[in-house]
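Engineer: One file: final.cif (mmCIF, C-alpha atoms and all ligand atoms; chains and numbers go by the auth columns).
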```cif
data_start
loop_
_atom_site.group_PDB
_atom_site.id
_atom_site.type_symbol
_atom_site.label_atom_id
_atom_site.label_comp_id
_atom_site.label_asym_id
_atom_site.label_seq_id
_atom_site.Cartn_x
_atom_site.Cartn_y
_atom_site.Cartn_z
_atom_site.B_iso_or_equiv
_atom_site.auth_seq_id
_atom_site.auth_asym_id
ATOM 1 C CA MET A 1 18.741 174.231 182.838 0.00 633 A
ATOM 2 C CA HIS A 2 15.765 173.130 184.842 0.00 634 A
ATOM 3 C CA LEU A 3 13.869 173.894 188.002 0.00 635 A
ATOM 4 C CA ASP A 4 13.389 170.836 190.163 0.00 636 A
ATOM 5 C CA HIS A 5 10.462 170.288 192.467 0.00 637 A
ATOM 6 C CA ALA A 6 7.302 172.281 193.030 0.00 638 A
ATOM 7 C CA GLN A 7 7.102 176.045 193.554 0.00 639 A
ATOM 8 C CA HIS A 8 6.811 177.270 197.116 0.00 640 A
ATOM 9 C CA GLY A 9 5.404 180.586 198.345 0.00 641 A
ATOM 10 C CA PRO A 10 7.509 183.057 200.325 0.00 642 A
ATOM 11 C CA ALA A 11 8.734 181.016 203.268 0.00 643 A
ATOM 12 C CA ALA A 12 8.427 183.719 205.855 0.00 644 A
ATOM 13 C CA VAL A 13 6.873 187.144 205.856 0.00 645 A
ATOM 14 C CA SER A 14 9.241 189.540 207.559 0.00 646 A
ATOM 15 C CA ALA A 15 8.017 192.153 209.948 0.00 647 A
ATOM 16 C CA ASP A 16 5.976 195.062 208.604 0.00 648 A
ATOM 17 C CA ALA A 17 4.606 193.623 205.371 0.00 649 A
ATOM 18 C CA ALA A 18 2.798 196.926 204.910 0.00 650 A
ATOM 19 C CA ARG A 19 4.355 200.355 204.568 0.00 651 A
ATOM 20 C CA PRO A 20 3.480 203.082 207.070 0.00 652 A
ATOM 21 C CA ASP A 21 0.862 204.449 204.625 0.00 653 A
ATOM 22 C CA GLY A 22 -0.843 201.025 204.507 0.00 654 A
ATOM 23 C CA THR A 23 0.275 200.083 200.982 0.00 655 A
ATOM 24 C CA ARG A 24 1.969 196.749 200.388 0.00 656 A
ATOM 25 C CA ARG A 25 5.742 196.968 200.321 0.00 657 A
ATOM 26 C CA ALA A 26 7.946 195.203 197.778 0.00 658 A
ATOM 27 C CA LEU A 27 8.787 191.525 198.061 0.00 659 A
ATOM 28 C CA ARG A 28 12.381 191.298 199.336 0.00 660 A
ATOM 29 C CA ILE A 29 14.537 188.457 198.110 0.00 661 A
ATOM 30 C CA GLY A 30 18.061 187.866 199.465 0.00 662 A
ATOM 31 C CA LEU A 31 20.841 186.265 197.441 0.00 663 A
ATOM 32 C CA GLY A 32 23.733 184.738 199.381 0.00 664 A
ATOM 33 C CA GLY A 33 26.483 182.238 198.693 0.00 665 A
ATOM 34 C CA PRO A 34 30.241 181.720 198.463 0.00 666 A
ATOM 35 C CA VAL A 35 32.562 184.325 196.917 0.00 667 A
ATOM 36 C CA GLY A 36 32.406 184.367 193.121 0.00 668 A
ATOM 37 C CA SER A 37 29.543 181.875 192.720 0.00 669 A
ATOM 38 C CA GLY A 38 27.590 184.287 190.501 0.00 670 A
ATOM 39 C CA LYS A 39 25.353 186.294 192.834 0.00 671 A
ATOM 40 C CA THR A 40 25.892 189.617 191.050 0.00 672 A
ATOM 41 C CA ALA A 41 25.616 187.909 187.655 0.00 673 A
ATOM 42 C CA THR A 42 22.284 186.408 188.798 0.00 674 A
ATOM 43 C CA VAL A 43 21.034 189.792 190.051 0.00 675 A
ATOM 44 C CA ALA A 44 22.023 191.432 186.747 0.00 676 A
ATOM 45 C CA ALA A 45 20.351 188.712 184.682 0.00 677 A
ATOM 46 C CA LEU A 46 17.195 188.848 186.830 0.00 678 A
ATOM 47 C CA CYS A 47 16.983 192.628 186.360 0.00 679 A
ATOM 48 C CA ARG A 48 17.282 192.231 182.581 0.00 680 A
ATOM 49 C CA ALA A 49 14.676 189.446 182.520 0.00 681 A
ATOM 50 C CA LEU A 50 12.113 191.155 184.783 0.00 682 A
ATOM 51 C CA ARG A 51 12.615 194.934 184.536 0.00 683 A
ATOM 52 C CA ASP A 52 10.078 195.426 181.735 0.00 684 A
ATOM 53 C CA GLN A 53 7.268 193.835 183.774 0.00 685 A
ATOM 54 C CA LEU A 54 8.252 194.756 187.326 0.00 686 A
ATOM 55 C CA SER A 55 9.436 197.761 189.304 0.00 687 A
ATOM 56 C CA ILE A 56 12.754 196.537 190.750 0.00 688 A
ATOM 57 C CA ALA A 57 15.524 197.861 193.014 0.00 689 A
ATOM 58 C CA VAL A 58 18.756 196.280 194.265 0.00 690 A
ATOM 59 C CA VAL A 59 20.825 196.514 197.453 0.00 691 A
ATOM 60 C CA THR A 60 24.380 195.153 197.340 0.00 692 A
ATOM 61 C CA ASN A 61 26.632 194.336 200.300 0.00 693 A
ATOM 62 C CA ASP A 62 30.414 194.398 199.947 0.00 694 A
ATOM 63 C CA ILE A 63 32.903 194.214 202.790 0.00 695 A
ATOM 64 C CA TYR A 64 35.199 197.133 201.882 0.00 696 A
ATOM 65 C CA THR A 65 34.088 198.391 198.456 0.00 697 A
ATOM 66 C CA ARG A 66 31.086 199.064 196.255 0.00 698 A
ATOM 67 C CA GLU A 67 32.271 196.699 193.507 0.00 699 A
ATOM 68 C CA ASP A 68 29.000 194.856 193.019 0.00 700 A
ATOM 69 C CA ALA A 69 26.914 198.036 192.785 0.00 701 A
ATOM 70 C CA ALA A 70 29.544 199.487 190.413 0.00 702 A
ATOM 71 C CA PHE A 71 29.241 196.404 188.185 0.00 703 A
ATOM 72 C CA LEU A 72 25.440 196.701 188.055 0.00 704 A
ATOM 73 C CA LEU A 73 25.710 200.432 187.304 0.00 705 A
ATOM 74 C CA ARG A 74 28.337 199.875 184.586 0.00 706 A
ATOM 75 C CA HIS A 75 26.096 197.337 182.904 0.00 707 A
ATOM 76 C CA ALA A 76 23.073 199.613 183.292 0.00 708 A
ATOM 77 C CA VAL A 77 20.822 196.795 184.478 0.00 709 A
ATOM 78 C CA LEU A 78 18.635 199.386 186.256 0.00 710 A
ATOM 79 C CA PRO A 79 18.609 203.196 186.477 0.00 711 A
ATOM 80 C CA PRO A 80 21.286 204.299 188.996 0.00 712 A
ATOM 81 C CA GLU A 81 18.786 205.553 191.575 0.00 713 A
ATOM 82 C CA ARG A 82 17.467 201.979 191.924 0.00 714 A
ATOM 83 C CA ILE A 83 20.812 200.543 193.081 0.00 715 A
ATOM 84 C CA GLN A 84 22.160 201.095 196.611 0.00 716 A
ATOM 85 C CA ALA A 85 25.410 199.781 198.063 0.00 717 A
ATOM 86 C CA VAL A 86 25.958 198.912 201.723 0.00 718 A
ATOM 87 C CA GLU A 87 29.598 198.680 202.812 0.00 719 A
ATOM 88 C CA THR A 88 29.491 196.153 205.612 0.00 720 A
ATOM 89 C CA GLY A 89 33.047 196.721 206.894 0.00 721 A
ATOM 90 C CA ALA A 90 32.912 193.300 208.589 0.00 722 A
ATOM 91 C CA CYS A 91 31.842 189.729 207.906 0.00 723 A
ATOM 92 C CA PRO A 92 29.038 190.077 205.354 0.00 724 A
ATOM 93 C CA HIS A 93 26.712 187.808 207.282 0.00 725 A
ATOM 94 C CA THR A 94 26.714 190.268 210.203 0.00 726 A
ATOM 95 C CA ALA A 95 24.964 192.913 208.071 0.00 727 A
ATOM 96 C CA ILE A 96 22.311 190.528 206.720 0.00 728 A
ATOM 97 C CA ARG A 97 21.678 188.480 209.851 0.00 729 A
ATOM 98 C CA ASP A 98 22.742 190.193 213.083 0.00 730 A
ATOM 99 C CA ASP A 99 22.654 193.974 212.684 0.00 731 A
ATOM 100 C CA ILE A 100 20.425 194.436 209.653 0.00 732 A
ATOM 101 C CA SER A 101 19.836 198.164 210.242 0.00 733 A
ATOM 102 C CA ALA A 102 21.954 199.457 207.312 0.00 734 A
ATOM 103 C CA ASN A 103 20.224 197.055 204.918 0.00 735 A
ATOM 104 C CA LEU A 104 16.763 197.846 206.252 0.00 736 A
ATOM 105 C CA GLU A 105 17.508 201.535 205.866 0.00 737 A
ATOM 106 C CA ALA A 106 18.607 200.936 202.262 0.00 738 A
ATOM 107 C CA VAL A 107 15.467 198.976 201.285 0.00 739 A
ATOM 108 C CA GLU A 108 13.177 201.472 202.997 0.00 740 A
ATOM 109 C CA ASP A 109 15.002 204.385 201.390 0.00 741 A
ATOM 110 C CA LEU A 110 14.580 202.782 197.950 0.00 742 A
ATOM 111 C CA GLU A 111 10.851 202.298 198.544 0.00 743 A
ATOM 112 C CA ASP A 112 10.531 205.949 199.567 0.00 744 A
ATOM 113 C CA THR A 113 12.597 207.412 196.737 0.00 745 A
ATOM 114 C CA VAL A 114 11.829 205.232 193.690 0.00 746 A
ATOM 115 C CA GLY A 115 8.742 203.301 194.886 0.00 747 A
ATOM 116 C CA PRO A 116 6.247 201.860 194.568 0.00 748 A
ATOM 117 C CA LEU A 117 8.377 198.767 193.984 0.00 749 A
ATOM 118 C CA ASP A 118 7.369 195.172 193.271 0.00 750 A
ATOM 119 C CA LEU A 119 10.698 193.554 194.078 0.00 751 A
ATOM 120 C CA ILE A 120 13.909 194.371 195.958 0.00 752 A
ATOM 121 C CA LEU A 121 16.890 192.052 195.466 0.00 753 A
ATOM 122 C CA VAL A 122 19.433 192.119 198.327 0.00 754 A
ATOM 123 C CA GLU A 123 22.828 190.608 197.454 0.00 755 A
ATOM 124 C CA SER A 124 24.948 189.527 200.392 0.00 756 A
ATOM 125 C CA GLY A 125 28.721 189.803 200.292 0.00 757 A
ATOM 126 C CA GLY A 126 30.326 186.472 199.373 0.00 758 A
ATOM 127 C CA ASP A 127 30.736 184.257 202.408 0.00 759 A
ATOM 128 C CA ASN A 128 31.010 180.618 203.359 0.00 760 A
ATOM 129 C CA LEU A 129 28.281 177.998 203.568 0.00 761 A
ATOM 130 C CA THR A 130 26.859 179.330 206.823 0.00 762 A
ATOM 131 C CA ALA A 131 25.529 182.748 205.756 0.00 763 A
ATOM 132 C CA THR A 132 21.778 183.245 205.956 0.00 764 A
ATOM 133 C CA PHE A 133 19.564 186.339 205.931 0.00 765 A
ATOM 134 C CA SER A 134 17.485 187.515 208.870 0.00 766 A
ATOM 135 C CA LYS A 135 13.778 186.959 208.261 0.00 767 A
ATOM 136 C CA GLY A 136 13.345 190.553 209.395 0.00 768 A
ATOM 137 C CA LEU A 137 15.215 191.676 206.277 0.00 769 A
ATOM 138 C CA VAL A 138 14.027 189.388 203.451 0.00 770 A
ATOM 139 C CA ASP A 139 10.912 187.361 202.718 0.00 771 A
ATOM 140 C CA ALA A 140 12.708 184.620 200.814 0.00 772 A
ATOM 141 C CA GLN A 141 16.326 183.703 200.182 0.00 773 A
ATOM 142 C CA VAL A 142 18.269 182.252 197.309 0.00 774 A
ATOM 143 C CA PHE A 143 21.603 180.505 197.890 0.00 775 A
ATOM 144 C CA VAL A 144 23.940 180.549 194.887 0.00 776 A
ATOM 145 C CA ILE A 145 26.753 177.998 194.592 0.00 777 A
ATOM 146 C CA ASP A 146 28.636 177.010 191.455 0.00 778 A
ATOM 147 C CA VAL A 147 29.858 173.785 189.948 0.00 779 A
ATOM 148 C CA ALA A 148 33.482 174.982 189.903 0.00 780 A
ATOM 149 C CA GLY A 149 33.465 175.171 193.715 0.00 781 A
ATOM 150 C CA GLY A 150 33.342 171.351 193.729 0.00 782 A
ATOM 151 C CA ASP A 151 30.500 168.926 193.113 0.00 783 A
ATOM 152 C CA ASP A 152 30.578 167.884 196.777 0.00 784 A
ATOM 153 C CA ILE A 153 29.240 171.269 198.003 0.00 785 A
ATOM 154 C CA PRO A 154 25.563 170.166 198.084 0.00 786 A
ATOM 155 C CA ARG A 155 26.590 167.099 200.104 0.00 787 A
ATOM 156 C CA LYS A 156 28.473 169.253 202.620 0.00 788 A
ATOM 157 C CA GLY A 157 25.211 170.965 203.596 0.00 789 A
ATOM 158 C CA GLY A 158 25.093 174.054 205.816 0.00 790 A
ATOM 159 C CA PRO A 159 22.018 176.266 206.235 0.00 791 A
ATOM 160 C CA GLY A 160 22.295 177.910 202.782 0.00 792 A
ATOM 161 C CA VAL A 161 22.261 174.553 201.028 0.00 793 A
ATOM 162 C CA THR A 162 19.711 172.887 203.256 0.00 794 A
ATOM 163 C CA THR A 163 17.196 175.637 204.096 0.00 795 A
ATOM 164 C CA SER A 164 17.321 178.372 201.417 0.00 796 A
ATOM 165 C CA ASP A 165 14.030 178.837 199.574 0.00 797 A
ATOM 166 C CA LEU A 166 15.846 178.269 196.272 0.00 798 A
ATOM 167 C CA LEU A 167 19.264 176.675 195.760 0.00 799 A
ATOM 168 C CA VAL A 168 20.922 177.836 192.535 0.00 800 A
ATOM 169 C CA ILE A 169 23.745 175.684 191.166 0.00 801 A
ATOM 170 C CA ASN A 170 25.386 178.052 188.679 0.00 802 A
ATOM 171 C CA LYS A 171 28.055 177.811 185.957 0.00 803 A
ATOM 172 C CA THR A 172 26.849 174.479 184.584 0.00 804 A
ATOM 173 C CA ASP A 173 28.773 175.377 181.400 0.00 805 A
ATOM 174 C CA LEU A 174 31.992 174.791 183.381 0.00 806 A
ATOM 175 C CA ALA A 175 31.048 171.279 184.576 0.00 807 A
ATOM 176 C CA PRO A 176 32.951 169.407 181.814 0.00 808 A
ATOM 177 C CA TYR A 177 36.106 171.455 182.435 0.00 809 A
ATOM 178 C CA VAL A 178 36.231 170.960 186.195 0.00 810 A
ATOM 179 C CA GLY A 179 34.921 167.388 186.235 0.00 811 A
ATOM 180 C CA SER A 180 31.731 168.165 188.179 0.00 812 A
ATOM 181 C CA ASP A 181 28.965 165.579 188.024 0.00 813 A
ATOM 182 C CA LEU A 182 25.657 167.508 187.738 0.00 814 A
ATOM 183 C CA ASP A 183 23.479 164.429 188.347 0.00 815 A
ATOM 184 C CA ARG A 184 25.299 163.745 191.564 0.00 816 A
ATOM 185 C CA MET A 185 24.903 167.409 192.618 0.00 817 A
ATOM 186 C CA ALA A 186 21.160 167.179 191.902 0.00 818 A
ATOM 187 C CA GLN A 187 20.821 163.968 193.930 0.00 819 A
ATOM 188 C CA ASP A 188 22.828 165.342 196.875 0.00 820 A
ATOM 189 C CA ALA A 189 20.870 168.611 196.821 0.00 821 A
ATOM 190 C CA ALA A 190 17.545 166.746 196.776 0.00 822 A
ATOM 191 C CA ARG A 191 18.693 164.592 199.694 0.00 823 A
ATOM 192 C CA GLN A 192 19.703 167.678 201.723 0.00 824 A
ATOM 193 C CA ARG A 193 16.666 169.780 200.817 0.00 825 A
ATOM 194 C CA GLY A 194 13.714 167.455 200.534 0.00 826 A
ATOM 195 C CA PRO A 195 10.975 169.282 198.608 0.00 827 A
ATOM 196 C CA LEU A 196 12.748 172.659 198.450 0.00 828 A
ATOM 197 C CA PRO A 197 13.565 173.654 194.838 0.00 829 A
ATOM 198 C CA VAL A 198 16.934 173.582 193.058 0.00 830 A
ATOM 199 C CA ALA A 199 17.737 175.478 189.834 0.00 831 A
ATOM 200 C CA PHE A 200 20.700 174.673 187.584 0.00 832 A
ATOM 201 C CA THR A 201 21.872 177.736 185.651 0.00 833 A
ATOM 202 C CA SER A 202 24.494 178.951 183.252 0.00 834 A
ATOM 203 C CA LEU A 203 24.563 182.714 182.871 0.00 835 A
ATOM 204 C CA THR A 204 26.618 182.676 179.706 0.00 836 A
ATOM 205 C CA SER A 205 23.389 183.194 177.747 0.00 837 A
ATOM 206 C CA GLU A 206 20.483 185.617 178.320 0.00 838 A
ATOM 207 C CA GLU A 207 17.978 182.786 178.871 0.00 839 A
ATOM 208 C CA GLY A 208 20.223 181.074 181.425 0.00 840 A
ATOM 209 C CA VAL A 209 18.568 182.796 184.379 0.00 841 A
ATOM 210 C CA GLY A 210 15.112 181.558 183.246 0.00 842 A
ATOM 211 C CA PRO A 211 14.504 179.022 186.047 0.00 843 A
ATOM 212 C CA VAL A 212 15.362 181.637 188.711 0.00 844 A
ATOM 213 C CA ALA A 213 13.193 184.289 187.025 0.00 845 A
ATOM 214 C CA ASP A 214 10.285 181.791 186.959 0.00 846 A
ATOM 215 C CA TRP A 215 10.774 181.083 190.656 0.00 847 A
ATOM 216 C CA VAL A 216 10.807 184.840 191.440 0.00 848 A
ATOM 217 C CA ARG A 217 7.560 185.268 189.481 0.00 849 A
ATOM 218 C CA GLY A 218 6.040 182.445 191.551 0.00 850 A
ATOM 219 C CA GLN A 219 7.141 184.108 194.795 0.00 851 A
ATOM 220 C CA LEU A 220 5.667 187.419 193.658 0.00 852 A
ATOM 221 C CA ALA A 221 2.366 185.810 192.720 0.00 853 A
ATOM 222 C CA ALA A 222 2.158 184.308 196.222 0.00 854 A
ATOM 223 C CA TRP A 223 3.191 187.647 197.806 0.00 855 A
ATOM 224 C CA THR A 224 0.554 189.683 196.010 0.00 856 A
ATOM 225 C CA ALA A 225 -2.223 187.060 196.318 0.00 857 A
HETATM 226 N N1 LIG B . 31.402 180.479 182.957 0.00 901 A
HETATM 227 C C1 LIG B . 30.560 181.120 183.759 0.00 901 A
HETATM 228 N N2 LIG B . 30.978 182.195 184.457 0.00 901 A
HETATM 229 C C2 LIG B . 30.089 182.835 185.261 0.00 901 A
HETATM 230 C C3 LIG B . 28.738 182.409 185.359 0.00 901 A
HETATM 231 N N3 LIG B . 28.108 183.228 186.255 0.00 901 A
HETATM 232 C C4 LIG B . 29.016 184.119 186.680 0.00 901 A
HETATM 233 N N4 LIG B . 30.220 183.890 186.075 0.00 901 A
HETATM 234 C C5 LIG B . 31.479 184.629 186.267 0.00 901 A
HETATM 235 O O1 LIG B . 31.950 184.359 187.577 0.00 901 A
HETATM 236 C C6 LIG B . 32.631 185.486 188.121 0.00 901 A
HETATM 237 C C7 LIG B . 32.036 185.865 189.470 0.00 901 A
HETATM 238 O O2 LIG B . 30.680 186.247 189.269 0.00 901 A
HETATM 239 P P1 LIG B . 29.948 187.264 190.236 0.00 901 A
HETATM 240 O O3 LIG B . 28.551 187.397 189.768 0.00 901 A
HETATM 241 O O4 LIG B . 30.742 188.509 190.402 0.00 901 A
HETATM 242 O O5 LIG B . 30.020 186.439 191.595 0.00 901 A
HETATM 243 P P2 LIG B . 29.527 186.906 193.042 0.00 901 A
HETATM 244 O O6 LIG B . 28.959 185.698 193.712 0.00 901 A
HETATM 245 O O7 LIG B . 28.654 188.089 192.954 0.00 901 A
HETATM 246 O O8 LIG B . 30.920 187.296 193.714 0.00 901 A
HETATM 247 P P3 LIG B . 31.160 188.126 195.104 0.00 901 A
HETATM 248 O O9 LIG B . 30.124 189.197 195.188 0.00 901 A
HETATM 249 O O10 LIG B . 32.550 188.655 194.973 0.00 901 A
HETATM 250 O O11 LIG B . 31.041 187.107 196.197 0.00 901 A
HETATM 251 C C8 LIG B . 32.495 186.596 187.065 0.00 901 A
HETATM 252 O O12 LIG B . 33.675 186.610 186.298 0.00 901 A
HETATM 253 C C9 LIG B . 31.304 186.138 186.223 0.00 901 A
HETATM 254 O O13 LIG B . 31.334 186.603 184.898 0.00 901 A
HETATM 255 C C10 LIG B . 28.313 181.273 184.595 0.00 901 A
HETATM 256 O O14 LIG B . 27.168 180.819 184.629 0.00 901 A
HETATM 257 N N5 LIG B . 29.272 180.676 183.812 0.00 901 A
HETATM 258 MG MG MG B . 28.791 189.927 193.897 0.00 902 A
#
```
Go through the file and emit its structure as structure tokens.
Structural biologist:
Amino acid sequence: MHLDHAQHGPAAVSADAARPDGTRRALRIGLGGPVGSGKTATVAALCRALRDQLSIAVVTNDIYTREDAAFLLRHAVLPPERIQAVETGACPHTAIRDDISANLEAVEDLEDTVGPLDLILVESGGDNLTATFSKGLVDAQVFVIDVAGGDDIPRKGGPGVTTSDLLVINKTDLAPYVGSDLDRMAQDAARQRGPLPVAFTSLTSEEGVGPVADWVRGQLAAWTA
């Protein structure tokens, strides 16, 4: 469980950093990655770790259902009015990259109804290695992969692995069972990403999300500075 490399500020400020009334809007962080890598588990753990210090809301994207929002509601990680589901009805990357209107509407609606907010987490539907968020929707993006997907994933690259502001390699607890070599994953990730940070996590314990929570705090400090 460690966070490699130095902290970086939000990589890109999306359009309209201020709200219409001139106040600063929430920092928006997108979480993408392959199906089942642990995006919702990361969102839930981040909410538990940060909700006492920060005003948080979440937008989830599912293709045909509201499963992810339902999971977050069932586990009461935030009050229900702070969780909004977008049903994309198509490839998830379309709704976070090409036509971001439904997601923008959701984040703006959350700011209006439960704001002021410090942080909005936007979870993409699970996709392949090519999904990235529009910079008009989020200020920084996290790409979540897991060790059970194969320890060659960092080497395979793709924009999520190579350019995300934080690469999370989750489910390290499973590495011995699936024969994944974490050192090799760290070396491949560093080769693909240069100075961009990588966090190894296991969400089987409460503290497991610590490196990601620290990174989010760093992003927020840069956002509010
Ligand atoms: N062993 C282990 N299981 C995990 C970990 N993180 C998540 N899981 C499990 O992995 C499964 C998928 O996790 P999710 O958080 O739903 O994954 P997701 O990326 O949101 O999935 P989609 O939204 O369907 O793409 C669930 O059964 C989680 O409990 C982890 O660190 N270790
Ligand atoms: Mg999910």
Engineer: Scan for residues within 10 Å of the point (17.1, 178.1, 189.4) in the coordinates of the file, using all atoms listed in the file, and reply as a PyMOL selection string.
Structural biologist: chain A and resi 633-636+674+774-776+798-802+829-834+840-848
Engineer: As a check of understanding, name the residues that the PyMOL selection byres (((chain A and resi 660) around 9) and not hetatm) selects in the supplied structure, as a count of residues only.
Structural biologist: 17
Engineer: Which residues are close to segment 676-684 of chain A, i.e. within 7 Å by only C-alpha atoms, leaving aside same-chain residues fewer than 3 positions away? Reply as a short mmCIF file (atom, residue, chain, number, x, y, z; two decimals) with C-alpha atoms, in the coordinates of the input.
Structural biologist:
```
data_model
loop_
_atom_site.label_atom_id
_atom_site.label_comp_id
_atom_site.auth_asym_id
_atom_site.auth_seq_id
_atom_site.Cartn_x
_atom_site.Cartn_y
_atom_site.Cartn_z
CA THR A 672 25.89 189.62 191.05
CA ALA A 673 25.62 187.91 187.66
CA SER A 687 9.44 197.76 189.30
CA ILE A 688 12.75 196.54 190.75
CA LEU A 704 25.44 196.70 188.06
CA VAL A 709 20.82 196.80 184.48
CA LEU A 710 18.64 199.39 186.26
CA VAL A 841 18.57 182.80 184.38
CA ALA A 845 13.19 184.29 187.02
#
```
Engineer: Decode the PyMOL selection byres (((not hetatm)) within 8 of (chain A and resi 902)) for the given file into explicit residues and return them as a list of chain:residue names.
Structural biologist: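 So the PyMOL selection byres (((not hetatm)) within 8 of (chain A and resi 902)) ends up selecting A:Val667, A:Gly668, A:Gly670, A:Lys671, A:Thr672, A:Ala673, A:Thr692, A:Asp694, A:Glu699, A:Asp700, A:Glu755, A:Ser756, A:Gly757, A:Gly758.
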Engineer: Taking every listed atom of ligand LIG 901 (chain A) and adding 5 Å to each side, what centre and edge lengths in Å (one decimal) does the axis-aligned box have, as JSON?
Structural biologist:
```
{"center_x": 30.4, "center_y": 184.8, "center_z": 189.6, "size_x": 16.5, "size_y": 18.7, "size_z": 23.2}
```
